[in-house]
Amino acid sequence: MQIWIREAIALVFSKFAEFHSVRQVLLWLRQESIALPSTHYGAQGRSVVWKLPIYNTVLHILTNPVYAGAYVFGRTETRVRIEQGRKRVLRGFRRPREHWQVLITEHHEGYISWDTYEHNQRVIADNANMKGEMVRGALRRGEALLAGLLRCGHCGRKLHVVYTGSDGNTSRYHCRGANINHGAAGKCISFGSLRIDQAVGAEVLRLLKPLGIEAALAAIEQRAAQDDAKRRQARWSDTVEQIRGSVLELTYTAWDLEPFAHDVGYDGPPFRWDPERRFLLRCELDAAFFHLYGLSRDDTDYVMDTFPIVRKDDKKAHGEYRTKRVILEIYDAMAEAARTGKPYQTRLDPPPADPRVAHPVTRPAAEKKAKG
């Protein structure tokens, strides 16, 4: 399970490097229906569940220094207040970085470097539009080209944009710093956006024109990488469920293993022992692991030839090396599913861990008596 958890977390960092916005990363993940791992605490203890992210999930990943290879202790503190004559303990207040009790960078391998982590924190802080005038802020919607980018030459505050006109599409930049700081009437500066937007736009196009072809090629490659990331994450989500079901049916064949079944989210009876189904379950698991570990078909073919006892038993029972043939056929089917972006269709009918291949719900009489 670790490999697709790592891939999901790495995807968050790669999309933030592309979008430079926590909210845009969140919107992209939800738009593409990409789930992220989340820790769940239940009656059976801690487990990992996959679900569509919320804003705080993405923010936590991007701001947690552990993902940058750092060991940190003492990021939060407890405060005590007296309310209505009684002591009230409040936990979870974040400390400034300089007040962290322990910070060891390069403690372990991270998804990003510490320099990248610090850069990301600055970007996130600068994107906080509601945190004050001296914060840079994220780019905002509107027709004005430079909205959120200009500052007043007098007081250094961000310029605001006002839209006027009969259609509300005539924009002006203005600063209210003099009024806010000194109570003065009027504004520091105020000017229409048409000329400056045209001048800046023309200069940007002039500088980018020689790079037009390269930019187009880069955009094509970027889109291909995005599509590949979406297909890979969707494929791994399907693979998680496939592996979970296959391992569950292979393992849970007696009531003694009921706690294990609960750990993977199954509360039904054990599964029947069917030799042919178990053979296909093992073949599908092997093929899936070959893909997850990045082995090519030729490498998979070679690995299968390193099991002489399996080959000997197969030829004796079936007249061929059946295990190798079936695993390679399933490997090819999974590769085709990955290429087309379609889910792999299992050979098993019913599918793995289907209740129809389980034992009756009733427990053995002796076990009922022991539980009673």
# chains A, B, ... in the order shown; residues from 1 in each chain; ligands from 1
call {"tool": "residues_around", "arguments": {"residues": "region 259-272 of chain A", "least_positions_apart": "5", "cutoff": "10 Å", "atoms": "only C-alpha atoms", "output": "number ranges by chain"}}
result
A: 42-49, 244-245, 247-254, 277-278, 353-363
call {"tool": "residues_around", "arguments": {"residues": "region 311-325 of chain A", "least_positions_apart": "6", "cutoff": "9 Å", "atoms": "only C-alpha atoms", "output": "VMD selection string"}}
result
chain A and resid 279 283 301 304 to 305
call {"tool": "write_last_selection", "arguments": {"atoms": "C-alpha atoms", "output": "CSV table (one decimal), in the first residue's frame"}}
result
chain,number,residue,atom,x,y,z
A,279,PHE,CA,-4.9,-19.9,-8.5
A,283,CYS,CA,-1.9,-14.8,-10.6
A,301,ASP,CA,9.0,-13.2,-18.3
A,304,MET,CA,8.8,-16.3,-14.0
A,305,ASP,CA,11.6,-18.6,-15.4
call {"tool": "residues_around", "arguments": {"residues": "Asn120 (chain A)", "least_positions_apart": "4", "cutoff": "9 Å", "atoms": "only C-alpha atoms", "output": "ChimeraX atom specification"}}
result
/A:16-17,20,62-63,115-116,124-125
call {"tool": "residues_around", "arguments": {"residues": "Asn64 (chain A)", "least_positions_apart": "2", "cutoff": "12 Å", "atoms": "only C-alpha atoms", "output": "list in words"}}
result
Ile9, Phe13, Asn56, Thr57, Val58, Leu59, His60, Ile61, Leu62, Val66, Tyr67, Ala68, Gly69, Ala70, Tyr71, Val72, Phe73, Arg75, Gly110, Tyr111, Ile112, Trp114, Tyr117, Glu118, Asn120 and Gln121 of chain A
call {"tool": "select_by_dssp", "arguments": {"residues": "region 6-190 of chain A", "states": "strand (DSSP E or B)", "output": "MDAnalysis selection string"}}
result
chainID A and resid 36:42 45:51 71:73 76:83 86:94 102:104 151 158 160:164 170:174 190
call {"tool": "atom_distance", "arguments": {"atom1": "CA of Arg79 (chain A)", "atom2": "CA of Phe93 (chain A)"}}
result
7.6 Å
call {"tool": "atom_distance", "arguments": {"atom1": "CA of Tyr55 (chain A)", "atom2": "CA of Leu26 (chain A)"}}
result
6.2 Å
call {"tool": "residues_around", "arguments": {"residues": "region 296-299 of chain A", "least_positions_apart": "3", "cutoff": "8 Å", "atoms": "only C-alpha atoms", "output": "JSON, numbers by chain"}}
result
{"A": [290, 291, 302, 303, 328, 331, 332]}
call {"tool": "atom_distance", "arguments": {"atom1": "CA of Phe19 (chain A)", "atom2": "CA of Ile34 (chain A)"}}
result
16.5 Å
call {"tool": "residues_around", "arguments": {"residues": "region 154-162 of chain A", "least_positions_apart": "4", "cutoff": "6 Å", "atoms": "only C-alpha atoms", "output": "count of residues only"}}
result
6
call {"tool": "closest_residue", "arguments": {"among": "A:Trp100, A:Gln242, A:Leu280, A:Thr306", "to": "Pro343 (chain A)", "atoms": "only C-alpha atoms"}}
result
A:Gln242
